[in-house]
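Participant: Here it is, the structure in full.
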Amino acid sequence: MTVSSSLRQQALHALQLRAPDEKARRVLGWSLSMPVDPAEILSPTLPLPGRPKHPLLVPPAQVKTRSMTTIEGRAALIHALAHIEFNAINLALDMVWRFAGMPEAFYRDWLRVAQEEAQHFQLLEGHLHTLGAYYGDYPAHNGLWEMAEKTQDDLLARLALVPRTLEARGLDVSPAIRDKLLQAGDQAAASILDIILRDEIGHVAIGNHWYKALCRERGLDPVAAYAELAQRYQAPRQRAPFNLEARRAAGFDEAELAALQQP
């Protein structure tokens, strides 16, 4: 297949790749200065997203929780985190190719997100190998991509409900997961979680920036628009505890945090 040097065409091509390692290497090899054509209308030639035959995708309730006091339990957790990061690569690539007509900075922001998610995946996959496991060894669920499919025709909804909802949830839960890994004696995994939390604050901030920019452009109140979109697309209810410090650093204002904490 001949691939254009256009950033958005490259993103679509990479999204269609099935091998996670190849996808991550491809994304990390790009330059942020690649040319962008915001007006270009693209169409996939293969099913989206490209992914390997394994892991087996099952409903969330069928993903077993294992004790982190065992190597297998930690491997299952690291596998689940690696799966989230693999999905996050795909989500960022989908932002780049799918939504035409945005400023060039929008596409470069999401390319940078894709590259950092690829780094996270490589870190987690490498650590998984030290535990005697590989990506694909355990079942996983598809919640992140299912929301991407629901919002494929609505950029405002995508920004509201993927980076600002599902990915923002990672800001809330990462510290507790990191502490449990540390208590289990897995310093290497805890250090990886520190890197991921630092970067994810930036990723959610990018989602917040572009969500609020679109709200201003359309004359919408961000809090009211979010509530309407969450109801329309049946987003999962966000539940406490919330990492308010990380959410503030990611660009949530006090009105949004107050709405988040309403019973």
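In the structure tokens, chains take the letters A, B, ... in the order shown, each chain's residues start at 1, and ligands count up from 1 in the order shown.
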As a ChimeraX atom specification, list the residues of range 4-69 of chain A assigned to alpha helix (DSSP H) by DSSP on the backbone atoms of this structure.

Facilitator: /A:7-16,20-28

Participant: Env of range 89-102 of chain A: 7 Å cut, atoms = only C-alpha atoms, seq-sep filter 4 positions within chain, self excluded. Answer as a list in words.

Facilitator: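 Selected residues are Arg8, Gln9, Ala11, Leu12, Leu15, Pro38, Ala39, Glu40, Ile41, Pro49, Glu85, Phe106, Tyr107, Trp110, Leu111, Val113, Ala114, Glu117, Ala118 and Leu155 of chain A.
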
Participant: Just write the chosen residues, N, CA and C atoms, as a PDB file, in the first residue's frame.

Facilitator:
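File produced: selection24.pdb:
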ATOM      1  N   ARG A   8      -2.558  13.088   8.431  1.00  0.00           N
ATOM      2  CA  ARG A   8      -3.853  12.451   8.641  1.00  0.00           C
ATOM      3  C   ARG A   8      -3.945  11.117   7.898  1.00  0.00           C
ATOM      4  N   GLN A   9      -3.367  11.025   6.698  1.00  0.00           N
ATOM      5  CA  GLN A   9      -3.353   9.741   5.997  1.00  0.00           C
ATOM      6  C   GLN A   9      -2.474   8.735   6.720  1.00  0.00           C
ATOM      7  N   ALA A  11      -1.987   8.640   9.886  1.00  0.00           N
ATOM      8  CA  ALA A  11      -2.725   8.219  11.076  1.00  0.00           C
ATOM      9  C   ALA A  11      -3.741   7.133  10.736  1.00  0.00           C
ATOM     10  N   LEU A  12      -4.454   7.306   9.638  1.00  0.00           N
ATOM     11  CA  LEU A  12      -5.429   6.295   9.240  1.00  0.00           C
ATOM     12  C   LEU A  12      -4.742   4.978   8.913  1.00  0.00           C
ATOM     13  N   LEU A  15      -3.725   3.331  12.144  1.00  0.00           N
ATOM     14  CA  LEU A  15      -4.895   2.837  12.862  1.00  0.00           C
ATOM     15  C   LEU A  15      -5.333   1.484  12.331  1.00  0.00           C
ATOM     16  N   PRO A  38      -6.027  19.681   6.718  1.00  0.00           N
ATOM     17  CA  PRO A  38      -7.254  19.591   7.518  1.00  0.00           C
ATOM     18  C   PRO A  38      -8.513  19.347   6.695  1.00  0.00           C
ATOM     19  N   ALA A  39      -8.503  19.735   5.425  1.00  0.00           N
ATOM     20  CA  ALA A  39      -9.712  19.620   4.611  1.00  0.00           C
ATOM     21  C   ALA A  39      -9.859  18.255   3.951  1.00  0.00           C
ATOM     22  N   GLU A  40      -8.804  17.447   3.969  1.00  0.00           N
ATOM     23  CA  GLU A  40      -8.828  16.165   3.263  1.00  0.00           C
ATOM     24  C   GLU A  40      -9.887  15.241   3.860  1.00  0.00           C
ATOM     25  N   ILE A  41     -10.697  14.613   3.006  1.00  0.00           N
ATOM     26  CA  ILE A  41     -11.702  13.650   3.436  1.00  0.00           C
ATOM     27  C   ILE A  41     -11.149  12.255   3.163  1.00  0.00           C
ATOM     28  N   PRO A  49     -10.768  -0.560  14.722  1.00  0.00           N
ATOM     29  CA  PRO A  49      -9.336  -0.344  14.568  1.00  0.00           C
ATOM     30  C   PRO A  49      -8.643  -1.641  14.196  1.00  0.00           C
ATOM     31  N   GLU A  85      -3.785   1.273  27.075  1.00  0.00           N
ATOM     32  CA  GLU A  85      -2.865   2.135  26.328  1.00  0.00           C
ATOM     33  C   GLU A  85      -2.889   1.812  24.832  1.00  0.00           C
ATOM     34  N   PHE A 106      -4.718  21.115  16.228  1.00  0.00           N
ATOM     35  CA  PHE A 106      -5.538  20.014  16.730  1.00  0.00           C
ATOM     36  C   PHE A 106      -4.898  18.672  16.369  1.00  0.00           C
ATOM     37  N   TYR A 107      -4.509  18.523  15.116  1.00  0.00           N
ATOM     38  CA  TYR A 107      -3.959  17.244  14.649  1.00  0.00           C
ATOM     39  C   TYR A 107      -2.589  16.979  15.253  1.00  0.00           C
ATOM     40  N   TRP A 110      -3.006  15.735  18.861  1.00  0.00           N
ATOM     41  CA  TRP A 110      -3.409  14.336  19.008  1.00  0.00           C
ATOM     42  C   TRP A 110      -2.334  13.379  18.511  1.00  0.00           C
ATOM     43  N   LEU A 111      -1.479  13.833  17.593  1.00  0.00           N
ATOM     44  CA  LEU A 111      -0.327  13.015  17.235  1.00  0.00           C
ATOM     45  C   LEU A 111       0.597  12.870  18.440  1.00  0.00           C
ATOM     46  N   VAL A 113      -0.248  12.998  21.533  1.00  0.00           N
ATOM     47  CA  VAL A 113      -0.916  12.066  22.439  1.00  0.00           C
ATOM     48  C   VAL A 113      -0.671  10.631  21.982  1.00  0.00           C
ATOM     49  N   ALA A 114      -0.847  10.355  20.688  1.00  0.00           N
ATOM     50  CA  ALA A 114      -0.642   9.001  20.170  1.00  0.00           C
ATOM     51  C   ALA A 114       0.774   8.518  20.459  1.00  0.00           C
ATOM     52  N   GLU A 117       1.081   7.660  24.159  1.00  0.00           N
ATOM     53  CA  GLU A 117       0.366   6.414  24.451  1.00  0.00           C
ATOM     54  C   GLU A 117       1.174   5.211  23.941  1.00  0.00           C
ATOM     55  N   ALA A 118       1.834   5.381  22.793  1.00  0.00           N
ATOM     56  CA  ALA A 118       2.678   4.305  22.264  1.00  0.00           C
ATOM     57  C   ALA A 118       3.846   4.025  23.207  1.00  0.00           C
ATOM     58  N   LEU A 155     -17.709  15.343  16.874  1.00  0.00           N
ATOM     59  CA  LEU A 155     -16.438  15.647  17.531  1.00  0.00           C
ATOM     60  C   LEU A 155     -16.648  16.173  18.943  1.00  0.00           C
TER      61      LEU A 155
END

Participant: Within 12 Å of Lys180 in chain A, counting only C-alpha atoms, which residues show up once you throw out same-chain ones fewer than 6 positions away? Write them as a list of chain:residue names, please.

Facilitator: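 Neighbouring residues, sequence-local ones excluded: A:Ser67, A:Met68, A:Thr69, A:Gly73, A:Arg74, A:Leu77, A:Val173, A:Ser174, A:Asp186, A:Gln187, A:Ala189, A:Ala190, A:Leu193.
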
Participant: Please write the residues from the selection above to a file, keeping all heavy atoms, as an mmCIF file, in the first residue's frame.

Facilitator:
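Output saved as selection-v8.cif:
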data_model
loop_
_atom_site.group_PDB
_atom_site.id
_atom_site.type_symbol
_atom_site.label_atom_id
_atom_site.label_comp_id
_atom_site.auth_asym_id
_atom_site.auth_seq_id
_atom_site.Cartn_x
_atom_site.Cartn_y
_atom_site.Cartn_z
ATOM 1 N N SER A 67 -5.478 -11.261 42.571
ATOM 2 C CA SER A 67 -4.697 -10.689 43.659
ATOM 3 C C SER A 67 -3.330 -10.218 43.162
ATOM 4 O O SER A 67 -2.638 -10.945 42.441
ATOM 5 C CB SER A 67 -4.498 -11.734 44.764
ATOM 6 O OG SER A 67 -3.571 -11.255 45.726
ATOM 7 N N MET A 68 -2.943 -9.016 43.564
ATOM 8 C CA MET A 68 -1.638 -8.502 43.164
ATOM 9 C C MET A 68 -0.510 -9.059 44.018
ATOM 10 O O MET A 68 0.652 -8.697 43.828
ATOM 11 C CB MET A 68 -1.653 -6.977 43.198
ATOM 12 C CG MET A 68 -2.199 -6.379 41.927
ATOM 13 S SD MET A 68 -1.923 -4.608 41.801
ATOM 14 C CE MET A 68 -3.302 -3.988 42.734
ATOM 15 N N THR A 69 -0.840 -9.926 44.979
ATOM 16 C CA THR A 69 0.223 -10.553 45.756
ATOM 17 C C THR A 69 0.882 -11.683 44.976
ATOM 18 O O THR A 69 1.903 -12.209 45.411
ATOM 19 C CB THR A 69 -0.335 -11.107 47.081
ATOM 20 O OG1 THR A 69 -1.353 -12.090 46.797
ATOM 21 C CG2 THR A 69 -0.929 -9.987 47.927
ATOM 22 N N GLY A 73 -1.300 -12.334 39.160
ATOM 23 C CA GLY A 73 -2.228 -11.241 39.409
ATOM 24 C C GLY A 73 -1.679 -9.908 38.916
ATOM 25 O O GLY A 73 -2.402 -9.118 38.307
ATOM 26 N N ARG A 74 -0.381 -9.688 39.168
ATOM 27 C CA ARG A 74 0.223 -8.445 38.684
ATOM 28 C C ARG A 74 0.306 -8.447 37.161
ATOM 29 O O ARG A 74 0.100 -7.419 36.519
ATOM 30 C CB ARG A 74 1.607 -8.245 39.294
ATOM 31 C CG ARG A 74 1.553 -7.953 40.788
ATOM 32 C CD ARG A 74 2.806 -7.276 41.291
ATOM 33 N NE ARG A 74 4.021 -8.048 41.058
ATOM 34 C CZ ARG A 74 4.429 -9.059 41.811
ATOM 35 N NH1 ARG A 74 3.688 -9.434 42.853
ATOM 36 N NH2 ARG A 74 5.555 -9.685 41.556
ATOM 37 N N LEU A 77 -3.022 -7.467 35.768
ATOM 38 C CA LEU A 77 -3.260 -6.024 35.905
ATOM 39 C C LEU A 77 -2.447 -5.245 34.865
ATOM 40 O O LEU A 77 -2.979 -4.350 34.192
ATOM 41 C CB LEU A 77 -2.890 -5.562 37.305
ATOM 42 C CG LEU A 77 -2.934 -4.040 37.511
ATOM 43 C CD1 LEU A 77 -4.348 -3.495 37.296
ATOM 44 C CD2 LEU A 77 -2.419 -3.664 38.894
ATOM 45 N N VAL A 173 -8.079 6.872 39.244
ATOM 46 C CA VAL A 173 -7.757 5.529 39.741
ATOM 47 C C VAL A 173 -6.270 5.211 39.723
ATOM 48 O O VAL A 173 -5.821 4.307 40.449
ATOM 49 C CB VAL A 173 -8.526 4.449 38.942
ATOM 50 C CG1 VAL A 173 -10.030 4.695 39.037
ATOM 51 C CG2 VAL A 173 -8.083 4.396 37.492
ATOM 52 N N SER A 174 -5.477 5.929 38.935
ATOM 53 C CA SER A 174 -4.050 5.587 38.816
ATOM 54 C C SER A 174 -3.290 5.619 40.138
ATOM 55 O O SER A 174 -2.491 4.713 40.410
ATOM 56 C CB SER A 174 -3.365 6.501 37.799
ATOM 57 O OG SER A 174 -3.689 6.129 36.488
ATOM 58 N N ASP A 186 6.393 -4.178 43.511
ATOM 59 C CA ASP A 186 6.689 -3.991 42.084
ATOM 60 C C ASP A 186 7.017 -2.517 41.836
ATOM 61 O O ASP A 186 6.202 -1.753 41.325
ATOM 62 C CB ASP A 186 5.498 -4.433 41.232
ATOM 63 C CG ASP A 186 5.882 -4.690 39.784
ATOM 64 O OD1 ASP A 186 6.854 -4.048 39.327
ATOM 65 O OD2 ASP A 186 5.221 -5.509 39.118
ATOM 66 N N GLN A 187 8.237 -2.137 42.178
ATOM 67 C CA GLN A 187 8.668 -0.749 42.029
ATOM 68 C C GLN A 187 8.692 -0.328 40.566
ATOM 69 O O GLN A 187 8.352 0.807 40.220
ATOM 70 C CB GLN A 187 10.065 -0.574 42.633
ATOM 71 C CG GLN A 187 10.660 0.820 42.432
ATOM 72 C CD GLN A 187 9.909 1.900 43.169
ATOM 73 O OE1 GLN A 187 9.795 1.864 44.394
ATOM 74 N NE2 GLN A 187 9.376 2.877 42.441
ATOM 75 N N ALA A 189 6.772 -1.337 38.055
ATOM 76 C CA ALA A 189 5.419 -1.045 37.582
ATOM 77 C C ALA A 189 4.912 0.269 38.165
ATOM 78 O O ALA A 189 4.270 1.068 37.476
ATOM 79 C CB ALA A 189 4.470 -2.181 37.939
ATOM 80 N N ALA A 190 5.212 0.530 39.442
ATOM 81 C CA ALA A 190 4.780 1.773 40.074
ATOM 82 C C ALA A 190 5.407 2.976 39.369
ATOM 83 O O ALA A 190 4.751 4.004 39.165
ATOM 84 C CB ALA A 190 5.152 1.765 41.556
ATOM 85 N N LEU A 193 3.559 3.695 36.225
ATOM 86 C CA LEU A 193 2.292 4.382 36.506
ATOM 87 C C LEU A 193 2.516 5.866 36.786
ATOM 88 O O LEU A 193 1.685 6.705 36.415
ATOM 89 C CB LEU A 193 1.577 3.715 37.688
ATOM 90 C CG LEU A 193 0.524 2.651 37.366
ATOM 91 C CD1 LEU A 193 -0.723 3.276 36.780
ATOM 92 C CD2 LEU A 193 1.084 1.590 36.428
#

Participant: Can you tell me, as number ranges by chain, what residues are no more than 10 Å from Ala133 in chain A when counting only C-alpha atoms, ignoring any on the same chain fewer than 4 positions away?

Facilitator: A: 71-72, 75-76, 78-79, 125-129, 137-138

Participant: Could you write out the selected residues, including C-alpha atoms, as a PDB file, in the first residue's frame?

Facilitator:
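This went into selection.pdb:
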ATOM      1  CA  ILE A  71       2.964 -12.702  39.841  1.00  0.00           C
ATOM      2  CA  GLU A  72      -0.005 -13.813  37.747  1.00  0.00           C
ATOM      3  CA  ALA A  75       0.646  -9.702  35.127  1.00  0.00           C
ATOM      4  CA  ALA A  76      -3.125  -9.603  34.608  1.00  0.00           C
ATOM      5  CA  ILE A  78      -0.327  -4.877  33.746  1.00  0.00           C
ATOM      6  CA  HIS A  79      -2.001  -6.597  30.784  1.00  0.00           C
ATOM      7  CA  GLU A 125       4.433  -4.556  27.461  1.00  0.00           C
ATOM      8  CA  GLY A 126       8.122  -4.685  28.353  1.00  0.00           C
ATOM      9  CA  HIS A 127       7.280  -5.045  32.034  1.00  0.00           C
ATOM     10  CA  LEU A 128       4.692  -7.683  31.221  1.00  0.00           C
ATOM     11  CA  HIS A 129       7.442  -9.762  29.626  1.00  0.00           C
ATOM     12  CA  ASP A 137      -2.592 -13.607  27.113  1.00  0.00           C
ATOM     13  CA  TYR A 138      -5.613 -12.418  29.118  1.00  0.00           C
TER      14      TYR A 138
END
